[in-house]
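Note: the block below is my_file.txt and it holds compact mmCIF, N, CA and C atoms.
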# COMPACT_ATOMS: atom_id res chain seq x y z
N ALA R 1 19.11 -61.39 -151.36
CA ALA R 1 17.86 -60.81 -151.00
C ALA R 1 17.75 -60.64 -149.49
N THR R 2 18.34 -61.48 -148.70
CA THR R 2 18.29 -61.30 -147.27
C THR R 2 19.12 -60.09 -146.89
N PHE R 3 20.20 -59.98 -147.63
CA PHE R 3 21.01 -58.82 -147.34
C PHE R 3 20.24 -57.56 -147.65
N GLN R 4 19.55 -57.57 -148.71
CA GLN R 4 18.75 -56.43 -149.13
C GLN R 4 17.66 -56.17 -148.09
N LYS R 5 17.10 -57.24 -147.58
CA LYS R 5 16.06 -57.07 -146.59
C LYS R 5 16.66 -56.47 -145.33
N MET R 6 17.84 -56.89 -144.98
CA MET R 6 18.49 -56.39 -143.78
C MET R 6 18.84 -54.93 -143.96
N ILE R 7 19.32 -54.59 -145.10
CA ILE R 7 19.66 -53.18 -145.35
C ILE R 7 18.38 -52.37 -145.31
N ALA R 8 17.29 -52.92 -145.86
CA ALA R 8 16.03 -52.20 -145.84
C ALA R 8 15.55 -52.05 -144.41
N VAL R 9 15.70 -53.10 -143.59
CA VAL R 9 15.28 -53.03 -142.19
C VAL R 9 16.17 -52.03 -141.46
N ILE R 10 17.47 -52.06 -141.73
CA ILE R 10 18.40 -51.12 -141.07
C ILE R 10 18.05 -49.70 -141.50
N ALA R 11 17.78 -49.53 -142.78
CA ALA R 11 17.42 -48.21 -143.28
C ALA R 11 16.14 -47.76 -142.61
N GLN R 12 15.20 -48.68 -142.45
CA GLN R 12 13.94 -48.33 -141.80
C GLN R 12 14.20 -47.99 -140.34
N CYS R 13 15.07 -48.74 -139.68
CA CYS R 13 15.41 -48.46 -138.28
C CYS R 13 16.09 -47.11 -138.18
N GLU R 14 17.00 -46.81 -139.08
CA GLU R 14 17.69 -45.52 -139.06
C GLU R 14 16.69 -44.39 -139.28
N MET R 15 15.74 -44.64 -140.18
CA MET R 15 14.72 -43.63 -140.45
C MET R 15 13.85 -43.44 -139.22
N THR R 16 13.52 -44.53 -138.56
CA THR R 16 12.72 -44.43 -137.35
C THR R 16 13.51 -43.69 -136.28
N ILE R 17 14.80 -43.99 -136.19
CA ILE R 17 15.66 -43.29 -135.21
C ILE R 17 15.71 -41.81 -135.55
N ASP R 18 15.87 -41.48 -136.82
CA ASP R 18 15.89 -40.08 -137.23
C ASP R 18 14.55 -39.40 -136.89
N LYS R 19 13.44 -40.12 -137.17
CA LYS R 19 12.12 -39.56 -136.85
C LYS R 19 12.00 -39.32 -135.35
N LEU R 20 12.45 -40.34 -134.58
CA LEU R 20 12.37 -40.21 -133.12
C LEU R 20 13.26 -39.07 -132.62
N ASN R 21 14.43 -38.90 -133.24
CA ASN R 21 15.31 -37.78 -132.86
C ASN R 21 14.62 -36.46 -133.17
N VAL R 22 13.96 -36.37 -134.31
CA VAL R 22 13.24 -35.14 -134.67
C VAL R 22 12.10 -34.93 -133.69
N VAL R 23 11.36 -35.98 -133.35
CA VAL R 23 10.26 -35.87 -132.38
C VAL R 23 10.82 -35.45 -131.03
N LYS R 24 11.96 -36.04 -130.64
CA LYS R 24 12.60 -35.68 -129.37
C LYS R 24 12.97 -34.21 -129.38
N MET R 25 13.57 -33.78 -130.47
CA MET R 25 13.99 -32.38 -130.57
C MET R 25 12.76 -31.47 -130.53
N MET R 26 11.71 -31.84 -131.21
CA MET R 26 10.48 -31.05 -131.22
C MET R 26 9.87 -31.02 -129.82
N ASN R 27 9.90 -32.15 -129.12
CA ASN R 27 9.37 -32.19 -127.75
C ASN R 27 10.18 -31.29 -126.82
N GLU R 28 11.49 -31.30 -126.99
CA GLU R 28 12.33 -30.43 -126.16
C GLU R 28 12.02 -28.96 -126.43
N ILE R 29 11.84 -28.64 -127.74
CA ILE R 29 11.48 -27.26 -128.10
C ILE R 29 10.12 -26.91 -127.50
N GLU R 30 9.17 -27.81 -127.60
CA GLU R 30 7.84 -27.58 -127.04
C GLU R 30 7.92 -27.44 -125.52
N ALA R 31 8.74 -28.24 -124.87
CA ALA R 31 8.89 -28.16 -123.41
C ALA R 31 9.45 -26.79 -123.03
N LYS R 32 10.45 -26.32 -123.81
CA LYS R 32 11.00 -24.98 -123.55
C LYS R 32 9.92 -23.91 -123.76
N ASN R 33 9.13 -24.07 -124.86
CA ASN R 33 8.06 -23.11 -125.13
C ASN R 33 7.02 -23.12 -123.99
N TYR R 34 6.67 -24.31 -123.51
CA TYR R 34 5.71 -24.41 -122.40
C TYR R 34 6.29 -23.82 -121.12
N ALA R 35 7.56 -24.04 -120.89
CA ALA R 35 8.20 -23.47 -119.69
C ALA R 35 8.18 -21.95 -119.78
N LYS R 36 8.51 -21.39 -120.97
CA LYS R 36 8.48 -19.94 -121.16
C LYS R 36 7.05 -19.43 -121.00
N LEU R 37 6.10 -20.14 -121.61
CA LEU R 37 4.71 -19.75 -121.49
C LEU R 37 4.26 -19.79 -120.03
N HIS R 38 4.66 -20.81 -119.30
CA HIS R 38 4.33 -20.92 -117.88
C HIS R 38 4.92 -19.76 -117.09
N LYS R 39 6.17 -19.44 -117.38
CA LYS R 39 6.82 -18.31 -116.71
C LYS R 39 6.09 -17.00 -117.03
N ASP R 40 5.73 -16.78 -118.30
CA ASP R 40 5.01 -15.57 -118.70
C ASP R 40 3.65 -15.48 -117.99
N ILE R 41 2.96 -16.61 -117.91
CA ILE R 41 1.65 -16.63 -117.24
C ILE R 41 1.82 -16.30 -115.75
N GLU R 42 2.84 -16.87 -115.13
CA GLU R 42 3.08 -16.59 -113.71
C GLU R 42 3.39 -15.10 -113.51
N GLN R 43 4.17 -14.52 -114.44
CA GLN R 43 4.47 -13.09 -114.34
C GLN R 43 3.20 -12.25 -114.49
N GLU R 44 2.35 -12.65 -115.42
CA GLU R 44 1.09 -11.92 -115.61
C GLU R 44 0.18 -12.07 -114.41
N ILE R 45 0.17 -13.25 -113.80
CA ILE R 45 -0.63 -13.47 -112.59
C ILE R 45 -0.11 -12.56 -111.47
N ALA R 46 1.22 -12.50 -111.31
CA ALA R 46 1.81 -11.64 -110.28
C ALA R 46 1.48 -10.18 -110.55
N ALA R 47 1.58 -9.77 -111.82
CA ALA R 47 1.25 -8.38 -112.18
C ALA R 47 -0.24 -8.12 -111.91
N GLY R 48 -1.09 -9.10 -112.22
CA GLY R 48 -2.52 -8.97 -111.95
C GLY R 48 -2.81 -8.83 -110.46
N LYS R 49 -2.11 -9.65 -109.65
CA LYS R 49 -2.27 -9.55 -108.20
C LYS R 49 -1.85 -8.16 -107.70
N SER R 50 -0.75 -7.67 -108.26
CA SER R 50 -0.27 -6.34 -107.88
C SER R 50 -1.30 -5.27 -108.24
N ARG R 51 -1.85 -5.38 -109.45
CA ARG R 51 -2.88 -4.41 -109.87
C ARG R 51 -4.11 -4.51 -108.96
N ILE R 52 -4.50 -5.72 -108.61
CA ILE R 52 -5.66 -5.91 -107.72
C ILE R 52 -5.40 -5.26 -106.37
N GLU R 53 -4.20 -5.47 -105.80
CA GLU R 53 -3.86 -4.85 -104.52
C GLU R 53 -3.90 -3.33 -104.64
N ASN R 54 -3.37 -2.82 -105.74
CA ASN R 54 -3.38 -1.38 -105.97
C ASN R 54 -4.81 -0.86 -106.06
N TYR R 55 -5.66 -1.58 -106.79
CA TYR R 55 -7.06 -1.17 -106.91
C TYR R 55 -7.78 -1.24 -105.56
N GLN R 56 -7.43 -2.25 -104.77
CA GLN R 56 -8.04 -2.37 -103.44
C GLN R 56 -7.64 -1.16 -102.57
N GLN R 57 -6.38 -0.76 -102.65
CA GLN R 57 -5.92 0.41 -101.89
C GLN R 57 -6.65 1.67 -102.38
N GLN R 58 -6.77 1.79 -103.70
CA GLN R 58 -7.49 2.95 -104.25
C GLN R 58 -8.94 2.94 -103.79
N LEU R 59 -9.56 1.76 -103.77
CA LEU R 59 -10.95 1.64 -103.33
C LEU R 59 -11.07 2.03 -101.85
N THR R 60 -10.13 1.57 -101.03
CA THR R 60 -10.14 1.92 -99.61
C THR R 60 -10.02 3.43 -99.43
N ARG R 61 -9.10 4.04 -100.18
CA ARG R 61 -8.93 5.50 -100.10
C ARG R 61 -10.20 6.21 -100.57
N ALA R 62 -10.79 5.71 -101.64
CA ALA R 62 -12.01 6.33 -102.15
C ALA R 62 -13.15 6.22 -101.14
N LYS R 63 -13.25 5.07 -100.47
CA LYS R 63 -14.28 4.90 -99.44
C LYS R 63 -14.05 5.88 -98.29
N GLN R 64 -12.78 6.04 -97.89
CA GLN R 64 -12.44 6.96 -96.80
C GLN R 64 -12.77 8.39 -97.20
N ILE R 65 -12.44 8.74 -98.43
CA ILE R 65 -12.75 10.10 -98.93
C ILE R 65 -14.25 10.32 -98.95
N LYS R 66 -15.00 9.31 -99.40
CA LYS R 66 -16.46 9.43 -99.43
C LYS R 66 -17.01 9.59 -98.02
N SER R 67 -16.49 8.78 -97.10
CA SER R 67 -16.93 8.87 -95.71
C SER R 67 -16.62 10.25 -95.13
N ASN R 68 -15.41 10.74 -95.39
CA ASN R 68 -15.02 12.07 -94.90
C ASN R 68 -15.93 13.15 -95.49
N LYS R 69 -16.25 13.01 -96.77
CA LYS R 69 -17.12 14.00 -97.42
C LYS R 69 -18.51 13.98 -96.81
N GLN R 70 -19.02 12.78 -96.53
CA GLN R 70 -20.34 12.68 -95.92
C GLN R 70 -20.33 13.31 -94.52
N GLN R 71 -19.27 13.05 -93.75
CA GLN R 71 -19.16 13.66 -92.43
C GLN R 71 -19.06 15.17 -92.55
N TYR R 72 -18.27 15.63 -93.51
CA TYR R 72 -18.12 17.07 -93.73
C TYR R 72 -19.47 17.69 -94.07
N ASP R 73 -20.21 17.04 -94.98
CA ASP R 73 -21.52 17.57 -95.37
C ASP R 73 -22.48 17.62 -94.18
N ALA R 74 -22.45 16.58 -93.34
CA ALA R 74 -23.33 16.56 -92.16
C ALA R 74 -22.96 17.69 -91.21
N ILE R 75 -21.67 17.87 -90.97
CA ILE R 75 -21.21 18.94 -90.07
C ILE R 75 -21.53 20.30 -90.68
N ALA R 76 -21.33 20.44 -91.98
CA ALA R 76 -21.63 21.72 -92.65
C ALA R 76 -23.12 22.03 -92.54
N LYS R 77 -23.96 21.02 -92.65
CA LYS R 77 -25.40 21.22 -92.53
C LYS R 77 -25.75 21.71 -91.12
N ILE R 78 -25.12 21.12 -90.12
CA ILE R 78 -25.35 21.55 -88.73
C ILE R 78 -24.87 22.98 -88.53
N ILE R 79 -23.70 23.28 -89.07
CA ILE R 79 -23.12 24.62 -88.93
C ILE R 79 -24.02 25.66 -89.59
N GLN R 80 -24.62 25.31 -90.71
CA GLN R 80 -25.48 26.26 -91.43
C GLN R 80 -26.71 26.65 -90.61
N GLN R 81 -27.06 25.84 -89.63
CA GLN R 81 -28.22 26.15 -88.79
C GLN R 81 -27.93 27.31 -87.85
N TYR R 82 -26.66 27.59 -87.60
CA TYR R 82 -26.29 28.64 -86.66
C TYR R 82 -25.88 29.89 -87.42
N PRO R 83 -26.06 31.07 -86.78
CA PRO R 83 -25.68 32.31 -87.47
C PRO R 83 -24.17 32.41 -87.63
N SER R 84 -23.77 33.28 -88.56
CA SER R 84 -22.35 33.44 -88.83
C SER R 84 -21.66 34.13 -87.66
N LYS R 85 -20.35 34.12 -87.69
CA LYS R 85 -19.56 34.74 -86.62
C LYS R 85 -19.89 36.24 -86.54
N THR R 86 -20.01 36.89 -87.68
CA THR R 86 -20.32 38.32 -87.71
C THR R 86 -21.67 38.58 -87.06
N GLU R 87 -22.67 37.79 -87.46
CA GLU R 87 -24.01 37.96 -86.89
C GLU R 87 -23.99 37.71 -85.38
N THR R 88 -23.26 36.66 -84.97
CA THR R 88 -23.18 36.33 -83.55
C THR R 88 -22.50 37.46 -82.78
N THR R 89 -21.42 37.99 -83.34
CA THR R 89 -20.70 39.09 -82.68
C THR R 89 -21.61 40.30 -82.57
N GLN R 90 -22.35 40.61 -83.62
CA GLN R 90 -23.26 41.75 -83.58
C GLN R 90 -24.36 41.52 -82.53
N SER R 91 -24.87 40.32 -82.50
CA SER R 91 -25.91 39.99 -81.53
C SER R 91 -25.38 40.11 -80.11
N ILE R 92 -24.19 39.60 -79.86
CA ILE R 92 -23.57 39.69 -78.54
C ILE R 92 -23.37 41.15 -78.16
N SER R 93 -22.88 41.93 -79.09
CA SER R 93 -22.65 43.35 -78.84
C SER R 93 -23.97 44.05 -78.49
N ARG R 94 -25.03 43.75 -79.25
CA ARG R 94 -26.33 44.35 -79.00
C ARG R 94 -26.85 43.94 -77.62
N ILE R 95 -26.70 42.68 -77.28
CA ILE R 95 -27.18 42.19 -75.99
C ILE R 95 -26.37 42.81 -74.85
N GLU R 96 -25.05 42.95 -75.04
CA GLU R 96 -24.24 43.59 -74.00
C GLU R 96 -24.67 45.04 -73.78
N LYS R 97 -25.01 45.74 -74.86
CA LYS R 97 -25.51 47.12 -74.72
C LYS R 97 -26.83 47.13 -73.95
N GLU R 98 -27.70 46.18 -74.27
CA GLU R 98 -28.98 46.09 -73.57
C GLU R 98 -28.74 45.81 -72.08
N ILE R 99 -27.79 44.93 -71.79
CA ILE R 99 -27.47 44.62 -70.39
C ILE R 99 -26.99 45.87 -69.68
N GLU R 100 -26.12 46.64 -70.32
CA GLU R 100 -25.63 47.88 -69.70
C GLU R 100 -26.78 48.85 -69.45
N GLN R 101 -27.68 48.98 -70.42
CA GLN R 101 -28.83 49.87 -70.25
C GLN R 101 -29.71 49.38 -69.10
N LEU R 102 -29.91 48.07 -69.02
CA LEU R 102 -30.73 47.52 -67.95
C LEU R 102 -30.07 47.71 -66.59
N LYS R 103 -28.74 47.58 -66.54
CA LYS R 103 -28.02 47.83 -65.29
C LYS R 103 -28.21 49.27 -64.85
N LYS R 104 -28.12 50.20 -65.81
CA LYS R 104 -28.32 51.62 -65.49
C LYS R 104 -29.75 51.85 -64.99
N LYS R 105 -30.73 51.22 -65.65
CA LYS R 105 -32.12 51.35 -65.22
C LYS R 105 -32.28 50.78 -63.81
N LYS R 106 -31.63 49.65 -63.55
CA LYS R 106 -31.72 49.02 -62.23
C LYS R 106 -31.18 49.96 -61.17
N ILE R 107 -30.01 50.55 -61.44
CA ILE R 107 -29.42 51.49 -60.48
C ILE R 107 -30.35 52.68 -60.28
N HIS R 108 -30.92 53.19 -61.36
CA HIS R 108 -31.84 54.32 -61.26
C HIS R 108 -33.06 53.95 -60.42
N TYR R 109 -33.66 52.79 -60.71
CA TYR R 109 -34.85 52.37 -59.98
C TYR R 109 -34.53 52.08 -58.51
N GLU R 110 -33.34 51.48 -58.27
CA GLU R 110 -32.95 51.24 -56.87
C GLU R 110 -32.81 52.54 -56.11
N SER R 111 -32.20 53.55 -56.76
CA SER R 111 -32.07 54.85 -56.08
C SER R 111 -33.44 55.48 -55.87
N GLU R 112 -34.35 55.29 -56.84
CA GLU R 112 -35.72 55.81 -56.67
C GLU R 112 -36.41 55.11 -55.51
N VAL R 113 -36.24 53.81 -55.42
CA VAL R 113 -36.85 53.05 -54.33
C VAL R 113 -36.28 53.53 -52.99
N GLN R 114 -34.96 53.72 -52.93
CA GLN R 114 -34.35 54.20 -51.69
C GLN R 114 -34.88 55.59 -51.33
N LYS R 115 -35.00 56.45 -52.34
CA LYS R 115 -35.52 57.80 -52.11
C LYS R 115 -36.94 57.74 -51.58
N ARG R 116 -37.79 56.91 -52.21
CA ARG R 116 -39.18 56.77 -51.79
C ARG R 116 -39.25 56.18 -50.38
N LYS R 117 -38.36 55.24 -50.12
CA LYS R 117 -38.31 54.62 -48.80
C LYS R 117 -38.00 55.66 -47.73
N ARG R 118 -37.02 56.52 -47.97
CA ARG R 118 -36.65 57.59 -47.03
C ARG R 118 -37.82 58.56 -46.86
N GLN R 119 -38.45 58.89 -48.01
CA GLN R 119 -39.59 59.81 -47.92
C GLN R 119 -40.71 59.18 -47.10
N PHE R 120 -40.94 57.87 -47.32
CA PHE R 120 -41.98 57.19 -46.56
C PHE R 120 -41.63 57.16 -45.08
N GLU R 121 -40.36 56.90 -44.77
CA GLU R 121 -39.93 56.89 -43.36
C GLU R 121 -40.14 58.27 -42.73
N VAL R 122 -39.81 59.32 -43.48
CA VAL R 122 -40.01 60.68 -42.98
C VAL R 122 -41.49 60.92 -42.76
N LEU R 123 -42.33 60.45 -43.71
CA LEU R 123 -43.78 60.62 -43.59
C LEU R 123 -44.30 59.89 -42.36
N VAL R 124 -43.87 58.65 -42.17
CA VAL R 124 -44.31 57.86 -41.01
C VAL R 124 -43.86 58.56 -39.73
N TYR R 125 -42.61 59.04 -39.72
CA TYR R 125 -42.10 59.74 -38.53
C TYR R 125 -42.93 61.00 -38.26
N SER R 126 -43.25 61.74 -39.32
CA SER R 126 -44.05 62.96 -39.16
C SER R 126 -45.43 62.62 -38.64
N ILE R 127 -46.04 61.55 -39.14
CA ILE R 127 -47.36 61.13 -38.68
C ILE R 127 -47.29 60.76 -37.21
N GLN R 128 -46.25 60.04 -36.82
CA GLN R 128 -46.10 59.65 -35.42
C GLN R 128 -45.95 60.88 -34.53
N GLN R 129 -45.17 61.86 -34.97
CA GLN R 129 -44.99 63.07 -34.17
C GLN R 129 -46.30 63.84 -34.08
N LEU R 130 -47.01 63.92 -35.21
CA LEU R 130 -48.29 64.62 -35.22
C LEU R 130 -49.28 63.93 -34.28
N GLN R 131 -49.31 62.60 -34.32
CA GLN R 131 -50.19 61.85 -33.40
C GLN R 131 -49.80 62.11 -31.96
N GLY R 132 -48.46 62.16 -31.73
CA GLY R 132 -47.98 62.43 -30.37
C GLY R 132 -48.41 63.82 -29.91
N GLU R 133 -48.30 64.80 -30.79
CA GLU R 133 -48.71 66.16 -30.44
C GLU R 133 -50.21 66.22 -30.22
N LEU R 134 -50.99 65.55 -31.06
CA LEU R 134 -52.44 65.54 -30.90
C LEU R 134 -52.82 64.86 -29.58
N THR R 135 -52.11 63.82 -29.25
CA THR R 135 -52.37 63.13 -28.00
C THR R 135 -52.04 64.06 -26.83
N GLU R 136 -50.95 64.80 -26.93
CA GLU R 136 -50.58 65.74 -25.88
C GLU R 136 -51.61 66.84 -25.76
N ASP R 137 -52.04 67.40 -26.91
CA ASP R 137 -53.04 68.44 -26.89
C ASP R 137 -54.34 67.93 -26.29
N ALA R 138 -54.72 66.74 -26.64
CA ALA R 138 -55.97 66.19 -26.13
C ALA R 138 -55.87 65.94 -24.63
N SER R 139 -54.75 65.55 -24.16
CA SER R 139 -54.61 65.26 -22.73
C SER R 139 -54.46 66.58 -21.95
N SER R 140 -53.95 67.63 -22.53
CA SER R 140 -53.79 68.90 -21.80
C SER R 140 -55.10 69.68 -21.76
N GLN R 141 -55.98 69.49 -22.66
CA GLN R 141 -57.27 70.20 -22.61
C GLN R 141 -58.25 69.36 -21.80
N PRO R 142 -59.03 70.07 -20.89
CA PRO R 142 -59.99 69.31 -20.11
C PRO R 142 -61.12 68.84 -21.03
N MET R 143 -61.65 67.76 -20.73
CA MET R 143 -62.71 67.20 -21.52
C MET R 143 -64.02 67.90 -21.16
N GLU R 144 -64.69 68.29 -22.13
CA GLU R 144 -65.97 68.96 -21.92
C GLU R 144 -67.07 67.90 -21.83
N VAL R 145 -67.92 68.13 -20.83
CA VAL R 145 -69.01 67.19 -20.64
C VAL R 145 -70.26 67.82 -21.17
N GLU R 146 -71.06 67.18 -21.82
CA GLU R 146 -72.27 67.74 -22.36
C GLU R 146 -73.43 67.37 -21.57
What do you get writing this file as structure tokens?
Amino acid sequence: ATFQKMIAVIAQCEMTIDKLNVVKMMNEIEAKNYAKLHKDIEQEIAAGKSRIENYQQQLTRAKQIKSNKQQYDAIAKIIQQYPSKTETTQSISRIEKEIEQLKKKKIHYESEVQKRKRQFEVLVYSIQQLQGELTEDASSQPMEVE
């Protein structure tokens, strides 16, 4: 019976060893699974970081585009306040024609002023000569006493 007990204890020890070997093997498999899972998670984290960086770049570009569009709209609004190139060219042409007409008028009026000035000088000269002649006539005639 002691022998039987020893065999039973040995059998129980062998069974415990077998169980422990199975648990060890299962733990090793689980450790490999956890290592693979850890690696997969790290890869997904890296991919997520990459996507976040990409989205941040897209957001920066979108903000720049929005800013450029707002600046463009502001400048376009200012530009709309002014006449078009065609209108401006026509206006300049019209004003240049007016300037030419005014220059011609100025020349005409200046010549008229010069003409009137000469006529006035001739008139003043004639008046002075007439006064001189009247003075001569008055001095050559004796004065009558009443």
> Interatomic distance between atom N of R:Ser84 and atom N of R:Ile65?
Replying inline: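 Calculated distance between atom N of R:Ser84 and atom N of R:Ile65 is 28.8 Å.
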>> Please report the interatomic distance between atom CA of R:Lys66 and atom CA of R:Asn54 in Å with one decimal.
In response: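 Interatomic distance, atom CA of R:Lys66 to atom CA of R:Asn54: 18.2 Å.
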>> If I take atom C of R:Val23 and atom C of R:Lys36, how far is one from the other in Å, to one decimal?
In response: 19.3 Å
Using the atoms already present, construct N, CA, C and O atoms for stretch 21-42 of chain R and hand them back as a PDB file, in the coordinates of the input.
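Just written: out35.pdb:
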ATOM      1  N   ASN R  21      14.430 -38.900-133.240  1.00  0.00           N
ATOM      2  CA  ASN R  21      15.310 -37.780-132.860  1.00  0.00           C
ATOM      3  C   ASN R  21      14.620 -36.460-133.170  1.00  0.00           C
ATOM      4  O   ASN R  21      14.698 -35.502-132.382  1.00  0.00           O
ATOM      5  N   VAL R  22      13.960 -36.370-134.310  1.00  0.00           N
ATOM      6  CA  VAL R  22      13.240 -35.140-134.670  1.00  0.00           C
ATOM      7  C   VAL R  22      12.100 -34.930-133.690  1.00  0.00           C
ATOM      8  O   VAL R  22      11.880 -33.806-133.206  1.00  0.00           O
ATOM      9  N   VAL R  23      11.360 -35.980-133.350  1.00  0.00           N
ATOM     10  CA  VAL R  23      10.260 -35.870-132.380  1.00  0.00           C
ATOM     11  C   VAL R  23      10.820 -35.450-131.030  1.00  0.00           C
ATOM     12  O   VAL R  23      10.249 -34.583-130.352  1.00  0.00           O
ATOM     13  N   LYS R  24      11.960 -36.040-130.640  1.00  0.00           N
ATOM     14  CA  LYS R  24      12.600 -35.680-129.370  1.00  0.00           C
ATOM     15  C   LYS R  24      12.970 -34.210-129.380  1.00  0.00           C
ATOM     16  O   LYS R  24      12.706 -33.471-128.415  1.00  0.00           O
ATOM     17  N   MET R  25      13.570 -33.780-130.470  1.00  0.00           N
ATOM     18  CA  MET R  25      13.990 -32.380-130.570  1.00  0.00           C
ATOM     19  C   MET R  25      12.760 -31.470-130.530  1.00  0.00           C
ATOM     20  O   MET R  25      12.742 -30.438-129.848  1.00  0.00           O
ATOM     21  N   MET R  26      11.710 -31.840-131.210  1.00  0.00           N
ATOM     22  CA  MET R  26      10.480 -31.050-131.220  1.00  0.00           C
ATOM     23  C   MET R  26       9.870 -31.020-129.820  1.00  0.00           C
ATOM     24  O   MET R  26       9.376 -29.979-129.355  1.00  0.00           O
ATOM     25  N   ASN R  27       9.900 -32.150-129.120  1.00  0.00           N
ATOM     26  CA  ASN R  27       9.370 -32.190-127.750  1.00  0.00           C
ATOM     27  C   ASN R  27      10.180 -31.290-126.820  1.00  0.00           C
ATOM     28  O   ASN R  27       9.613 -30.624-125.951  1.00  0.00           O
ATOM     29  N   GLU R  28      11.490 -31.300-126.990  1.00  0.00           N
ATOM     30  CA  GLU R  28      12.330 -30.430-126.160  1.00  0.00           C
ATOM     31  C   GLU R  28      12.020 -28.960-126.430  1.00  0.00           C
ATOM     32  O   GLU R  28      11.906 -28.150-125.504  1.00  0.00           O
ATOM     33  N   ILE R  29      11.840 -28.640-127.740  1.00  0.00           N
ATOM     34  CA  ILE R  29      11.480 -27.260-128.100  1.00  0.00           C
ATOM     35  C   ILE R  29      10.120 -26.910-127.500  1.00  0.00           C
ATOM     36  O   ILE R  29       9.931 -25.838-126.918  1.00  0.00           O
ATOM     37  N   GLU R  30       9.170 -27.810-127.600  1.00  0.00           N
ATOM     38  CA  GLU R  30       7.840 -27.580-127.040  1.00  0.00           C
ATOM     39  C   GLU R  30       7.920 -27.440-125.520  1.00  0.00           C
ATOM     40  O   GLU R  30       7.236 -26.603-124.922  1.00  0.00           O
ATOM     41  N   ALA R  31       8.740 -28.240-124.870  1.00  0.00           N
ATOM     42  CA  ALA R  31       8.890 -28.160-123.410  1.00  0.00           C
ATOM     43  C   ALA R  31       9.450 -26.790-123.030  1.00  0.00           C
ATOM     44  O   ALA R  31       8.997 -26.166-122.062  1.00  0.00           O
ATOM     45  N   LYS R  32      10.450 -26.320-123.810  1.00  0.00           N
ATOM     46  CA  LYS R  32      11.000 -24.980-123.550  1.00  0.00           C
ATOM     47  C   LYS R  32       9.920 -23.910-123.760  1.00  0.00           C
ATOM     48  O   LYS R  32       9.801 -22.970-122.974  1.00  0.00           O
ATOM     49  N   ASN R  33       9.130 -24.070-124.860  1.00  0.00           N
ATOM     50  CA  ASN R  33       8.060 -23.110-125.130  1.00  0.00           C
ATOM     51  C   ASN R  33       7.020 -23.120-123.990  1.00  0.00           C
ATOM     52  O   ASN R  33       6.568 -22.064-123.534  1.00  0.00           O
ATOM     53  N   TYR R  34       6.670 -24.310-123.510  1.00  0.00           N
ATOM     54  CA  TYR R  34       5.710 -24.410-122.400  1.00  0.00           C
ATOM     55  C   TYR R  34       6.290 -23.820-121.120  1.00  0.00           C
ATOM     56  O   TYR R  34       5.581 -23.156-120.359  1.00  0.00           O
ATOM     57  N   ALA R  35       7.560 -24.040-120.890  1.00  0.00           N
ATOM     58  CA  ALA R  35       8.200 -23.470-119.690  1.00  0.00           C
ATOM     59  C   ALA R  35       8.180 -21.950-119.780  1.00  0.00           C
ATOM     60  O   ALA R  35       7.881 -21.255-118.802  1.00  0.00           O
ATOM     61  N   LYS R  36       8.510 -21.390-120.970  1.00  0.00           N
ATOM     62  CA  LYS R  36       8.480 -19.940-121.160  1.00  0.00           C
ATOM     63  C   LYS R  36       7.050 -19.430-121.000  1.00  0.00           C
ATOM     64  O   LYS R  36       6.820 -18.414-120.337  1.00  0.00           O
ATOM     65  N   LEU R  37       6.100 -20.140-121.610  1.00  0.00           N
ATOM     66  CA  LEU R  37       4.710 -19.750-121.490  1.00  0.00           C
ATOM     67  C   LEU R  37       4.260 -19.790-120.030  1.00  0.00           C
ATOM     68  O   LEU R  37       3.581 -18.876-119.555  1.00  0.00           O
ATOM     69  N   HIS R  38       4.660 -20.810-119.300  1.00  0.00           N
ATOM     70  CA  HIS R  38       4.330 -20.920-117.880  1.00  0.00           C
ATOM     71  C   HIS R  38       4.920 -19.760-117.090  1.00  0.00           C
ATOM     72  O   HIS R  38       4.242 -19.157-116.244  1.00  0.00           O
ATOM     73  N   LYS R  39       6.170 -19.440-117.380  1.00  0.00           N
ATOM     74  CA  LYS R  39       6.820 -18.310-116.710  1.00  0.00           C
ATOM     75  C   LYS R  39       6.090 -17.000-117.030  1.00  0.00           C
ATOM     76  O   LYS R  39       5.850 -16.181-116.140  1.00  0.00           O
ATOM     77  N   ASP R  40       5.730 -16.780-118.300  1.00  0.00           N
ATOM     78  CA  ASP R  40       5.010 -15.570-118.700  1.00  0.00           C
ATOM     79  C   ASP R  40       3.650 -15.480-117.990  1.00  0.00           C
ATOM     80  O   ASP R  40       3.257 -14.415-117.503  1.00  0.00           O
ATOM     81  N   ILE R  41       2.960 -16.610-117.910  1.00  0.00           N
ATOM     82  CA  ILE R  41       1.650 -16.630-117.240  1.00  0.00           C
ATOM     83  C   ILE R  41       1.820 -16.300-115.750  1.00  0.00           C
ATOM     84  O   ILE R  41       1.038 -15.526-115.189  1.00  0.00           O
ATOM     85  N   GLU R  42       2.840 -16.870-115.130  1.00  0.00           N
ATOM     86  CA  GLU R  42       3.080 -16.590-113.710  1.00  0.00           C
ATOM     87  C   GLU R  42       3.390 -15.100-113.510  1.00  0.00           C
ATOM     88  O   GLU R  42       2.912 -14.486-112.551  1.00  0.00           O
TER      89      GLU R  42
END
